[in-house]
$ cat input-v7.cif   # mmCIF, C-alpha atoms
data_protein
#
loop_
_atom_site.label_atom_id
_atom_site.label_comp_id
_atom_site.auth_asym_id
_atom_site.auth_seq_id
_atom_site.Cartn_x
_atom_site.Cartn_y
_atom_site.Cartn_z
CA MET D 24 0.00 0.00 0.00
CA GLY D 25 2.72 2.39 1.15
CA PHE D 26 4.90 1.49 -1.83
CA HIS D 27 2.07 2.01 -4.31
CA PHE D 28 1.22 5.36 -2.77
CA CYS D 29 4.84 6.40 -3.09
CA VAL D 30 5.00 5.30 -6.72
CA ILE D 31 1.83 7.22 -7.56
CA LEU D 32 3.18 10.33 -5.86
CA CYS D 33 6.45 10.07 -7.79
CA ILE D 34 4.62 9.70 -11.08
CA VAL D 35 2.40 12.68 -10.34
CA SER D 36 5.33 14.88 -9.38
CA LEU D 37 7.21 14.05 -12.57
CA MET D 38 4.37 14.21 -15.04
CA ALA D 39 4.50 17.86 -15.90
CA LYS D 40 8.17 17.75 -16.90
CA SER D 41 9.22 16.13 -20.14
CA SER D 42 12.01 16.19 -22.67
CA PHE D 43 12.15 15.64 -26.40
CA ASN D 44 14.70 15.30 -29.14
CA HIS D 45 14.53 15.56 -32.94
CA VAL D 46 11.71 18.10 -32.87
CA GLN D 47 12.46 21.68 -33.85
CA ILE D 48 10.90 25.05 -34.49
CA GLY D 49 10.95 25.68 -38.23
CA GLY D 50 9.81 29.31 -38.37
CA VAL D 51 7.87 31.96 -36.43
CA VAL D 52 5.76 34.88 -37.58
CA THR D 53 3.85 37.31 -35.36
CA CYS D 54 1.14 39.60 -36.65
CA VAL D 55 0.22 42.87 -34.93
CA PRO D 56 -2.57 45.34 -35.72
CA THR D 57 -1.59 48.72 -37.17
CA LEU D 58 -3.58 50.84 -34.69
CA GLU D 59 -1.25 52.14 -31.99
CA LYS D 60 -2.35 53.59 -28.66
CA CYS D 61 -0.12 55.35 -26.20
CA ILE D 62 -0.65 55.92 -22.49
CA ASP D 63 0.33 59.59 -23.01
CA ASP D 64 -2.87 60.06 -24.98
CA GLU D 65 -5.06 58.71 -22.19
CA LEU D 66 -4.99 61.58 -19.76
CA GLU D 67 -8.77 61.40 -19.38
CA LEU D 68 -8.60 57.78 -18.20
CA PHE D 69 -6.27 58.91 -15.42
CA GLY D 70 -8.47 61.84 -14.44
CA GLY D 71 -5.96 64.34 -15.82
CA ASN D 72 -3.25 63.00 -13.50
CA GLU D 73 -0.11 63.42 -15.60
CA LYS D 74 2.06 62.49 -12.65
CA GLN D 75 0.44 59.07 -12.39
CA ILE D 76 0.99 58.43 -16.11
CA ALA D 77 4.64 59.44 -15.73
CA ARG D 78 5.02 57.04 -12.77
CA LEU D 79 3.40 54.18 -14.68
CA LYS D 80 5.70 54.80 -17.64
CA LYS D 81 8.78 54.99 -15.46
CA THR D 82 8.04 52.21 -12.98
CA ILE D 83 5.93 49.66 -14.85
CA GLY D 84 7.22 50.56 -18.31
CA LEU D 85 3.82 51.15 -19.87
CA ASP D 86 4.07 53.00 -23.16
CA ARG D 87 2.58 52.01 -26.50
CA ARG D 88 0.36 49.12 -27.49
CA ARG D 89 -1.19 47.84 -30.70
CA VAL D 90 -4.89 47.08 -30.65
CA VAL D 91 -7.35 45.78 -33.23
CA GLU D 92 -10.19 47.76 -34.73
CA PRO D 93 -13.66 46.36 -33.95
CA GLY D 94 -14.33 43.44 -36.29
CA THR D 95 -10.78 42.13 -36.35
CA THR D 96 -10.18 39.04 -34.24
CA ALA D 97 -7.30 36.94 -32.97
CA ALA D 98 -8.14 34.44 -35.71
CA ASP D 99 -7.54 37.14 -38.34
CA LEU D 100 -4.14 37.99 -36.86
CA CYS D 101 -3.19 34.30 -36.63
CA GLU D 102 -4.32 33.71 -40.21
CA THR D 103 -2.12 36.53 -41.52
CA ALA D 104 0.83 35.16 -39.53
CA ALA D 105 0.18 31.60 -40.77
CA ARG D 106 -0.03 32.64 -44.43
CA ARG D 107 3.27 34.47 -44.15
CA LEU D 108 4.86 31.51 -42.35
CA LEU D 109 3.72 29.03 -45.02
CA ALA D 110 4.86 31.35 -47.82
CA GLN D 111 8.31 31.94 -46.30
CA THR D 112 8.90 28.28 -45.50
CA GLY D 113 7.67 27.21 -48.92
CA LEU D 114 5.17 24.78 -47.42
CA ALA D 115 1.90 23.88 -49.07
CA PRO D 116 -1.14 23.65 -46.74
CA ASP D 117 -1.26 19.86 -47.15
CA ALA D 118 2.17 19.59 -45.50
CA ILE D 119 0.52 20.42 -42.15
CA ASP D 120 -0.62 17.44 -40.08
CA ALA D 121 -2.11 19.29 -37.12
CA VAL D 122 -3.09 22.81 -36.15
CA ILE D 123 -3.29 23.96 -32.54
CA CYS D 124 -4.83 27.31 -31.73
CA VAL D 125 -4.10 28.82 -28.32
CA THR D 126 -6.57 31.58 -27.57
CA GLN D 127 -9.00 32.92 -25.00
CA THR D 128 -10.68 35.26 -27.45
CA PRO D 129 -11.99 32.87 -30.12
CA ASP D 130 -14.33 33.90 -32.91
CA TYR D 131 -17.10 31.64 -31.61
CA ALA D 132 -18.04 29.75 -28.45
CA GLN D 133 -18.23 26.83 -30.91
CA PRO D 134 -16.57 25.70 -33.13
CA CYS D 135 -12.97 26.20 -32.06
CA ASN D 136 -10.69 28.68 -33.81
CA ALA D 137 -8.43 25.86 -35.02
CA ALA D 138 -11.28 24.38 -37.07
CA VAL D 139 -12.25 27.77 -38.47
CA LEU D 140 -8.63 28.53 -39.42
CA HIS D 141 -8.19 25.01 -40.80
CA GLY D 142 -10.85 25.91 -43.34
CA ARG D 143 -9.55 29.40 -44.06
CA LEU D 144 -6.00 28.12 -44.60
CA ASP D 145 -7.16 25.24 -46.86
CA LEU D 146 -5.53 22.65 -44.63
CA PRO D 147 -6.19 19.01 -45.58
CA LYS D 148 -8.91 16.84 -44.05
CA SER D 149 -6.21 14.58 -42.64
CA CYS D 150 -5.12 17.45 -40.38
CA ALA D 151 -6.03 17.41 -36.67
CA ALA D 152 -7.31 20.69 -35.25
CA LEU D 153 -7.86 21.74 -31.65
CA ASP D 154 -7.94 24.82 -29.43
CA VAL D 155 -6.20 25.36 -26.13
CA ASN D 156 -7.91 27.73 -23.72
CA LEU D 157 -4.88 29.33 -22.10
CA GLY D 158 -3.44 32.84 -22.04
CA CYS D 159 0.05 33.98 -21.17
CA SER D 160 1.39 30.47 -20.50
CA GLY D 161 -0.34 29.13 -23.60
CA TYR D 162 2.45 29.48 -26.14
CA VAL D 163 4.69 27.11 -24.19
CA TYR D 164 1.79 24.73 -23.57
CA GLY D 165 1.15 24.77 -27.32
CA LEU D 166 4.79 24.03 -28.06
CA TRP D 167 4.64 21.14 -25.57
CA LEU D 168 1.58 19.65 -27.29
CA ALA D 169 3.20 20.08 -30.70
CA HIS D 170 6.38 18.37 -29.51
CA MET D 171 4.32 15.46 -28.18
CA MET D 172 2.35 15.16 -31.41
CA VAL D 173 5.51 15.05 -33.50
CA SER D 174 7.30 12.70 -31.07
CA ALA D 175 4.34 10.34 -30.97
CA GLY D 176 4.84 9.79 -34.67
CA GLY D 177 1.51 10.95 -36.03
CA CYS D 178 2.67 14.34 -37.26
CA GLU D 179 5.60 15.58 -39.29
CA ARG D 180 4.61 19.21 -38.99
CA VAL D 181 2.36 21.02 -36.53
CA LEU D 182 1.17 24.57 -37.02
CA LEU D 183 0.90 26.33 -33.67
CA LEU D 184 -1.24 29.45 -33.72
CA ALA D 185 -1.29 31.56 -30.56
CA GLY D 186 -2.95 34.90 -30.12
CA ASP D 187 -5.53 37.04 -28.41
CA THR D 188 -7.37 40.31 -28.65
CA ILE D 189 -7.51 41.08 -24.94
CA SER D 190 -8.03 44.78 -25.74
CA ARG D 191 -11.57 43.81 -26.76
CA ILE D 192 -12.45 42.36 -23.34
CA VAL D 193 -10.95 44.99 -21.07
CA ASN D 194 -13.09 47.94 -20.08
CA PRO D 195 -11.47 51.10 -21.48
CA LYS D 196 -12.38 52.81 -18.19
CA ASP D 197 -10.43 50.30 -16.09
CA ARG D 198 -6.98 51.79 -15.40
CA GLY D 199 -5.86 48.50 -13.89
CA VAL D 200 -5.89 46.66 -17.21
CA ALA D 201 -6.75 48.93 -20.16
CA PRO D 202 -3.28 50.45 -20.60
CA LEU D 203 -1.55 47.07 -20.25
CA PHE D 204 -2.93 44.88 -22.99
CA GLY D 205 -2.25 44.83 -26.70
CA ASP D 206 -3.33 42.35 -29.35
CA GLY D 207 -1.36 39.90 -31.45
CA GLY D 208 -1.47 36.62 -33.31
CA SER D 209 1.38 34.26 -34.08
CA ALA D 210 2.15 31.20 -36.16
CA THR D 211 4.95 28.76 -35.35
CA LEU D 212 6.01 25.70 -37.29
CA VAL D 213 7.03 22.73 -35.16
CA GLN D 214 8.49 19.85 -37.15
CA ARG D 215 10.44 16.62 -37.02
CA SER D 216 14.18 17.02 -37.39
CA GLU D 217 17.01 14.62 -38.11
CA ARG D 218 19.32 16.87 -36.11
CA ASP D 219 20.03 16.55 -32.45
CA CYS D 220 17.89 19.25 -30.85
CA SER D 221 16.78 18.78 -27.29
CA ALA D 222 13.84 20.41 -25.58
CA TRP D 223 12.92 20.28 -21.90
CA PHE D 224 9.50 21.37 -20.69
CA SER D 225 7.85 22.07 -17.36
CA LEU D 226 4.16 22.86 -16.99
CA GLU D 227 2.49 24.02 -13.79
CA THR D 228 -0.87 25.20 -12.49
CA ASP D 229 -2.39 26.74 -9.37
CA GLY D 230 -6.13 26.55 -9.92
CA LYS D 231 -6.78 27.96 -6.45
CA GLY D 232 -5.87 31.31 -7.97
CA PHE D 233 -8.36 31.04 -10.83
CA ASP D 234 -10.19 34.20 -9.75
CA LYS D 235 -7.12 36.47 -9.70
CA LEU D 236 -7.24 36.96 -13.46
CA ILE D 237 -10.68 36.24 -14.82
CA VAL D 238 -13.60 37.23 -17.00
CA PRO D 239 -16.22 36.39 -14.35
CA ALA D 240 -19.34 36.21 -16.53
CA GLY D 241 -20.48 35.37 -20.03
CA GLY D 242 -19.79 31.63 -19.73
CA GLN D 243 -22.09 28.90 -18.46
CA ARG D 244 -21.37 29.56 -14.75
CA SER D 245 -22.72 33.07 -15.04
CA PRO D 246 -24.46 33.56 -18.40
CA SER D 247 -24.62 36.95 -20.03
CA SER D 248 -27.44 39.12 -18.71
CA ALA D 249 -28.29 42.76 -18.12
CA GLU D 250 -26.73 42.37 -14.69
CA THR D 251 -23.42 40.97 -15.98
CA LEU D 252 -23.25 43.79 -18.52
CA ALA D 253 -23.88 46.54 -15.97
CA GLU D 254 -20.78 48.68 -15.42
CA VAL D 255 -19.76 49.14 -11.79
CA ALA D 256 -16.98 51.24 -10.26
CA ASP D 257 -14.66 49.45 -7.82
CA GLU D 258 -13.08 51.02 -4.73
CA GLY D 259 -10.28 52.47 -6.85
CA GLY D 260 -12.74 54.11 -9.23
CA ASN D 261 -12.06 51.67 -12.06
CA ILE D 262 -15.12 50.82 -14.08
CA ARG D 263 -15.90 47.41 -15.55
CA CYS D 264 -18.72 44.89 -15.96
CA GLN D 265 -18.59 41.20 -15.11
CA GLU D 266 -17.94 40.33 -18.74
CA ASN D 267 -14.74 42.39 -18.74
CA LEU D 268 -11.35 41.11 -17.74
CA PHE D 269 -10.57 41.55 -14.04
CA MET D 270 -7.02 41.36 -12.71
CA ASP D 271 -5.86 41.44 -9.12
CA GLY D 272 -2.63 43.21 -10.03
CA ALA D 273 -0.84 42.76 -6.72
CA GLU D 274 -1.60 39.02 -6.54
CA ILE D 275 -0.56 38.44 -10.15
CA PHE D 276 2.63 40.41 -9.54
CA ASN D 277 3.38 38.33 -6.43
CA PHE D 278 2.60 35.09 -8.26
CA SER D 279 4.91 36.04 -11.14
CA ILE D 280 7.93 37.05 -9.11
CA VAL D 281 7.62 34.10 -6.74
CA GLU D 282 6.82 31.22 -9.12
CA GLU D 283 8.77 32.19 -12.22
CA PRO D 284 12.28 32.15 -10.74
CA ILE D 285 11.53 28.81 -9.03
CA ALA D 286 10.19 27.31 -12.25
CA VAL D 287 13.18 28.51 -14.27
CA ARG D 288 15.72 27.14 -11.79
CA ASP D 289 13.85 23.80 -11.56
CA LEU D 290 13.76 23.41 -15.32
CA VAL D 291 17.42 24.27 -15.77
CA GLU D 292 18.24 21.65 -13.15
CA TYR D 293 15.94 19.09 -14.80
CA ALA D 294 17.77 19.69 -18.09
CA GLY D 295 21.11 19.14 -16.35
CA LEU D 296 22.25 22.62 -17.30
CA ASP D 297 23.02 25.85 -15.52
CA LEU D 298 21.63 29.30 -16.15
CA ASP D 299 24.78 30.34 -18.05
CA ALA D 300 24.05 27.68 -20.68
CA VAL D 301 21.00 29.62 -21.81
CA ASP D 302 21.68 32.24 -24.50
CA HIS D 303 18.37 34.10 -24.21
CA PHE D 304 15.52 34.06 -21.69
CA VAL D 305 12.26 34.98 -23.40
CA PHE D 306 9.65 35.59 -20.73
CA HIS D 307 6.04 36.39 -21.31
CA GLN D 308 6.04 40.14 -21.92
CA ALA D 309 3.76 41.08 -19.01
CA ASN D 310 5.39 44.42 -18.28
CA ARG D 311 8.93 45.72 -17.78
CA TYR D 312 8.58 45.83 -13.99
CA ILE D 313 7.74 42.13 -13.70
CA LEU D 314 10.42 41.19 -16.25
CA SER D 315 13.14 43.13 -14.48
CA ASN D 316 12.11 41.75 -11.09
CA ILE D 317 12.28 38.16 -12.38
CA THR D 318 15.63 38.91 -14.04
CA LYS D 319 17.02 40.32 -10.80
CA ARG D 320 15.81 37.37 -8.74
CA LEU D 321 17.43 34.92 -11.14
CA LYS D 322 20.61 37.03 -11.19
CA ILE D 323 20.84 36.68 -14.96
CA ASP D 324 22.31 39.19 -17.39
CA SER D 325 19.51 41.54 -18.46
CA ALA D 326 21.11 41.69 -21.94
CA LYS D 327 19.92 38.09 -22.36
CA VAL D 328 16.31 39.03 -21.57
CA PRO D 329 14.16 40.72 -24.25
CA MET D 330 12.02 43.39 -22.58
CA GLN D 331 11.22 45.89 -25.32
CA THR D 332 8.30 44.04 -26.88
CA VAL D 333 5.78 44.92 -24.18
CA GLU D 334 6.61 48.63 -24.50
CA ARG D 335 6.05 48.54 -28.26
CA TYR D 336 3.01 46.31 -28.48
CA GLY D 337 1.54 45.89 -24.97
CA ASN D 338 0.96 42.62 -23.14
CA GLN D 339 -0.07 40.34 -26.01
CA SER D 340 -1.11 37.33 -23.94
CA SER D 341 -0.15 34.06 -25.69
CA ALA D 342 1.42 35.96 -28.61
CA SER D 343 3.93 37.82 -26.44
CA ILE D 344 6.72 35.20 -26.45
CA PRO D 345 6.73 34.70 -30.25
CA SER D 346 6.42 38.47 -30.58
CA ALA D 347 9.57 38.98 -28.48
CA MET D 348 11.36 36.27 -30.49
CA CYS D 349 10.43 37.92 -33.79
CA GLY D 350 10.86 41.51 -32.67
CA GLU D 351 14.02 41.29 -30.59
CA LEU D 352 15.82 38.09 -31.61
CA GLN D 353 15.18 37.95 -35.35
CA GLU D 354 18.82 38.30 -36.32
CA VAL D 355 19.95 35.76 -33.75
CA LEU D 356 17.34 33.15 -34.64
CA CYS D 357 17.81 33.49 -38.38
CA GLY D 358 21.60 33.30 -37.99
CA SER D 359 23.67 30.25 -38.77
CA ASP D 360 24.42 29.30 -35.15
CA SER D 361 21.92 27.44 -33.08
CA LYS D 362 20.99 29.20 -29.84
CA ARG D 363 19.68 27.78 -26.60
CA LEU D 364 16.56 29.64 -25.49
CA LEU D 365 14.47 29.42 -22.38
CA LEU D 366 10.88 30.47 -23.04
CA SER D 367 8.56 30.96 -20.10
CA GLY D 368 4.95 32.11 -19.87
CA PHE D 369 2.83 32.80 -16.79
CA GLY D 370 -0.65 34.11 -16.15
CA VAL D 371 -4.33 33.23 -16.22
CA GLY D 372 -5.16 29.90 -14.60
CA LEU D 373 -3.04 30.49 -12.71
CA SER D 374 -0.78 28.67 -15.09
CA TRP D 375 2.90 28.79 -15.95
CA ALA D 376 5.08 26.84 -18.33
CA SER D 377 8.70 26.91 -19.45
CA VAL D 378 10.82 25.25 -22.09
CA ILE D 379 14.53 25.15 -22.87
CA LEU D 380 15.13 24.45 -26.55
CA ASP D 381 17.72 24.82 -29.26
CA ILE D 382 16.69 27.02 -32.13
CA GLY D 383 18.45 28.50 -35.12
CA GLU D 384 18.72 29.01 -38.85
CA LEU D 385 15.06 29.90 -39.09
CA PRO D 386 13.95 30.73 -42.63
CA VAL D 387 11.51 33.23 -41.13
CA CYS D 388 11.25 35.00 -37.79
CA GLU D 389 9.48 38.29 -38.24
CA ILE D 390 6.69 40.63 -37.25
CA VAL D 391 4.12 41.54 -39.87
CA GLU D 392 1.29 44.03 -39.67
CA HIS D 393 -2.31 43.10 -40.17
CA SER D 394 -3.62 44.81 -43.27
CA GLY D 395 -7.22 44.61 -42.12
CA CYS D 396 -8.38 42.45 -45.01
CA ASN D 397 -7.88 38.71 -44.96
CA MET I 4 16.73 45.24 10.31
CA SER I 5 15.00 48.03 12.17
CA LEU I 6 11.79 50.02 12.05
CA GLU I 7 13.76 53.15 11.12
CA LYS I 8 15.38 51.42 8.16
CA PHE I 9 12.00 50.01 7.10
CA ILE I 10 10.45 53.50 7.10
CA GLU I 11 13.32 54.73 4.92
CA ASP I 12 12.83 51.81 2.53
CA PHE I 13 9.11 52.49 2.44
CA GLU I 14 9.68 56.16 1.62
CA GLU I 15 11.98 55.19 -1.19
CA ALA I 16 9.54 52.60 -2.59
CA VAL I 17 6.60 54.98 -2.72
CA GLU I 18 7.32 57.84 -5.05
CA ASP I 19 6.28 61.38 -4.21
CA VAL I 20 6.93 60.84 -0.51
CA GLU I 21 9.51 63.17 0.98
CA PRO I 22 12.37 61.36 2.73
CA GLY I 23 11.97 61.77 6.48
CA SER I 24 8.30 62.73 6.25
CA LEU I 25 6.90 59.41 7.56
CA THR I 26 6.92 58.07 11.11
CA ALA I 27 6.09 54.80 12.83
CA THR I 28 2.51 55.95 13.37
CA THR I 29 1.89 57.15 9.81
CA LYS I 30 -1.29 55.63 8.43
CA TYR I 31 0.07 54.83 4.99
CA LEU I 32 -3.29 53.90 3.47
CA ASP I 33 -4.29 57.54 3.91
CA LEU I 34 -1.26 58.92 2.06
CA GLU I 35 -2.07 60.82 -1.10
CA ALA I 36 0.65 58.87 -2.89
CA TRP I 37 -0.85 55.51 -1.88
CA ASP I 38 -2.35 53.77 -4.92
CA SER I 39 -2.26 50.43 -6.73
CA LEU I 40 1.20 51.20 -8.09
CA ALA I 41 2.50 51.88 -4.57
CA VAL I 42 1.12 48.47 -3.55
CA LEU I 43 3.31 46.82 -6.20
CA THR I 44 6.42 48.81 -5.43
CA VAL I 45 6.12 48.14 -1.67
CA ILE I 46 5.54 44.40 -2.29
CA ALA I 47 8.66 44.35 -4.50
CA MET I 48 10.71 46.31 -1.94
CA VAL I 49 9.71 43.98 0.91
CA ASP I 50 10.53 40.97 -1.26
CA VAL I 51 14.00 42.25 -2.15
CA GLU I 52 15.01 43.89 1.13
CA TYR I 53 13.35 41.57 3.65
CA ASP I 54 12.85 38.36 1.67
CA VAL I 55 9.19 38.32 2.69
CA ARG I 56 6.29 37.69 0.25
CA LEU I 57 3.86 40.35 1.34
CA LYS I 58 0.24 39.80 0.39
CA ALA I 59 -1.85 42.69 -0.88
CA GLU I 60 -4.40 41.78 1.82
CA THR I 61 -1.78 42.29 4.54
CA LEU I 62 -1.01 45.72 3.12
CA LYS I 63 -4.71 46.58 3.13
CA ALA I 64 -5.28 45.18 6.62
CA SER I 65 -2.36 46.85 8.37
CA ASP I 66 -2.79 50.36 9.66
CA THR I 67 0.46 52.10 10.52
CA LEU I 68 4.00 51.56 9.27
CA GLU I 69 4.81 50.15 12.70
CA ALA I 70 2.05 47.55 12.34
CA LEU I 71 3.19 46.68 8.84
CA TYR I 72 6.76 46.28 10.01
CA ALA I 73 5.57 43.95 12.76
CA GLN I 74 3.93 41.75 10.12
CA ILE I 75 7.13 41.64 8.09
CA SER I 76 9.57 41.11 10.91
CA GLY I 77 7.33 38.79 12.91
#

$ encode --input "input-v7.cif" --output "structure tokens"
Amino acid sequence: MGFHFCVILCIVSLMAKSSFNHVQIGGVVTCVPTLEKCIDDELELFGGNEKQIARLKKTIGLDRRRVVEPGTTAADLCETAARRLLAQTGLAPDAIDAVICVTQTPDYAQPCNAAVLHGRLDLPKSCAALDVNLGCSGYVYGLWLAHMMVSAGGCERVLLLAGDTISRIVNPKDRGVAPLFGDGGSATLVQRSERDCSAWFSLETDGKGFDKLIVPAGGQRSPSSAETLAEVADEGGNIRCQENLFMDGAEIFNFSIVEEPIAVRDLVEYAGLDLDAVDHFVFHQANRYILSNITKRLKIDSAKVPMQTVERYGNQSSASIPSAMCGELQEVLCGSDSKRLLLSGFGVGLSWASVILDIGELPVCEIVEHSGCN
Amino acid sequence: MSLEKFIEDFEEAVEDVEPGSLTATTKYLDLEAWDSLAVLTVIAMVDVEYDVRLKAETLKASDTLEALYAQISG
């Protein structure tokens, strides 16, 4: 009895870590909307308090963000990114064996975005398609699934689409979230490789914190109604309805700076490496303050940590890691030398996931703008 | 680690507070400079300087800087 219990415990504790070989990233494209907003232009939102805007810019690093026009969705951004990725890698749609779409802002409650995009991209009927309902940790979760699908032998190439339009679900009168979030959609090719290319993953969750970052209503637990759409001011004067995104900023900040450094150290140890063996640490681009706090706690060289993406585009949810790869590491990742990257996302769930992988010689790693017509 | 040092750290963490203007009995929740950003910067300061994970609830529940320091050092 005792032995069995021990074995079960050991299995459970190991399950969310896994390693792979002979699976590689074959290209990344991130698509951003053209409409740019800047916190400097939102004096009204801050009640004319220029000082507060200056503090937010200086301390948190809030600046510009790209947001979609009404009518444009995460699926549109992902489609643009996917078309560019297929064109630049010279792949025909029927070369794709599976498509995974990571999003929390899908076009429809049903069917999933992956099925919709499967049709729009003319992918073959033999192609599997599924959505993953995750946010800021979702890109790494998607990579993990793609690695498993390729390793299991059923897929040669998986198209991972990850993106959100969080700007559409925040209340523009909520200072706690409105200036933070931008929109983006990404497409990543994950494929079998003959080369030696290791990848180590860790995936974690704390569902007890589910209500710290949440859209409380509009789902089956609390269906949309006049009540859930009624705007209410909180104690800080921020206005939102129950169908808007709510974030407990202090708790999310605490969660990020506590869990992320632990997760990174654990994964590096699991991979049998040390932090110096990692060339670049690409964290979810939450905001500069969180990124620099995590960097400090890990005592890693800030030159190895992309941090500019969030100031250019805003917090792009599941698209933020590919966006930082394309926007800040394009030259490195398209270069002839393979680099060892640690990617790590954290957020809604609460959920966090990290991967160490070798990546290089990408035929495409770029940011494109959404033209507005697919 | 002392209350005096903590008050100095607190003044530094919350912008727009004059150094030396706060005392052990200052009710920090009533400060004009106290807002959601100050909550983050104080949490980060306490984490770095005192190696304590301060919850936002503790910050809301404490009254004076002295009481907050007692939570951190206790």

$ resolve_selection --input "input-v7.cif" --expression "the PyMOL selection byres ((chain D) within 8 of (chain I))" --output "VMD selection string"
chain D and resid 79 272 to 274 276 to 277 281 316

$ residues_around --input "input-v7.cif" --residues "Ile323 (chain D)" --least-positions-apart "4" --cutoff "9 Å" --atoms "only C-alpha atoms" --output "number ranges by chain"
D: 298-299, 304, 318-319, 327-328

$ write_last_selection --input "input-v7.cif" --atoms "C-alpha atoms" --output "PDB file, keeping the file's coordinate frame"
ATOM      1  CA  LEU D 298      21.630  29.300 -16.150  1.00  0.00           C
ATOM      2  CA  ASP D 299      24.780  30.340 -18.050  1.00  0.00           C
ATOM      3  CA  PHE D 304      15.520  34.060 -21.690  1.00  0.00           C
ATOM      4  CA  THR D 318      15.630  38.910 -14.040  1.00  0.00           C
ATOM      5  CA  LYS D 319      17.020  40.320 -10.800  1.00  0.00           C
ATOM      6  CA  LYS D 327      19.920  38.090 -22.360  1.00  0.00           C
ATOM      7  CA  VAL D 328      16.310  39.030 -21.570  1.00  0.00           C
TER       8      VAL D 328
END

$ resolve_selection --input "input-v7.cif" --expression "the PyMOL selection byres ((chain D and resi 384) around 9)" --output "list in words"
Gly49, Gly50, Val355, Leu356, Cys357, Gly358, Ser359, Asp360, Ser361, Ile382, Gly383, Leu385, Pro386 and Val387 of chain D

$ resolve_selection --input "input-v7.cif" --expression "the PyMOL selection byres ((chain D and resi 92) around 12)" --output "VMD selection string"
chain D and resid 55 to 60 89 to 91 93 to 97 99 to 100 188 190 to 191 205 to 206 393 to 396

$ closest_residue --input "input-v7.cif" --among "D:Gly241, D:Gly368, D:Pro345, D:Gly295" --to "Ala132 (chain D)" --atoms "only C-alpha atoms"
D:Gly241

$ residues_around --input "input-v7.cif" --residues "Asp12 (chain I)" --least-positions-apart "4" --cutoff "9 Å" --atoms "all atoms listed in the file" --output "list in words"
Glu7, Lys8, Ala16, Val17, Val45, Met48, Val49 and Glu52 of chain I

$ closest_residue --input "input-v7.cif" --among "D:Cys101, D:Ala256, D:Val181, D:Val371" --to "Ile390 (chain D)" --atoms "all atoms listed in the file"
D:Cys101

$ closest_residue --input "input-v7.cif" --among "I:Ile10, I:Ala27, I:Ile75, I:Val20" --to "Tyr53 (chain I)" --atoms "all atoms listed in the file"
I:Ile75

$ atom_distance --input "input-v7.cif" --atom1 "CA of Val51 (chain D)" --atom2 "CA of Cys388 (chain D)"
4.7 Å

$ residues_around --input "input-v7.cif" --residues "Thr28 (chain I)" --least-positions-apart "4" --cutoff "10 Å" --atoms "only C-alpha atoms" --output "JSON, numbers by chain"
{"I": [66, 67, 68, 69, 70]}

$ decode --input "input-v7.cif" --residues "region 27-41 of chain I" --atoms "C-alpha atoms" --output "PDB file, in the first residue's frame"
ATOM      1  CA  ALA I  27       6.086  54.796  12.825  1.00  0.00           C
ATOM      2  CA  THR I  28       2.514  55.949  13.374  1.00  0.00           C
ATOM      3  CA  THR I  29       1.886  57.147   9.809  1.00  0.00           C
ATOM      4  CA  LYS I  30      -1.289  55.632   8.426  1.00  0.00           C
ATOM      5  CA  TYR I  31       0.074  54.833   4.993  1.00  0.00           C
ATOM      6  CA  LEU I  32      -3.287  53.899   3.474  1.00  0.00           C
ATOM      7  CA  ASP I  33      -4.288  57.542   3.908  1.00  0.00           C
ATOM      8  CA  LEU I  34      -1.265  58.922   2.059  1.00  0.00           C
ATOM      9  CA  GLU I  35      -2.069  60.815  -1.099  1.00  0.00           C
ATOM     10  CA  ALA I  36       0.648  58.870  -2.886  1.00  0.00           C
ATOM     11  CA  TRP I  37      -0.854  55.510  -1.876  1.00  0.00           C
ATOM     12  CA  ASP I  38      -2.347  53.773  -4.920  1.00  0.00           C
ATOM     13  CA  SER I  39      -2.257  50.426  -6.732  1.00  0.00           C
ATOM     14  CA  LEU I  40       1.198  51.201  -8.089  1.00  0.00           C
ATOM     15  CA  ALA I  41       2.505  51.875  -4.574  1.00  0.00           C
TER      16      ALA I  41
END
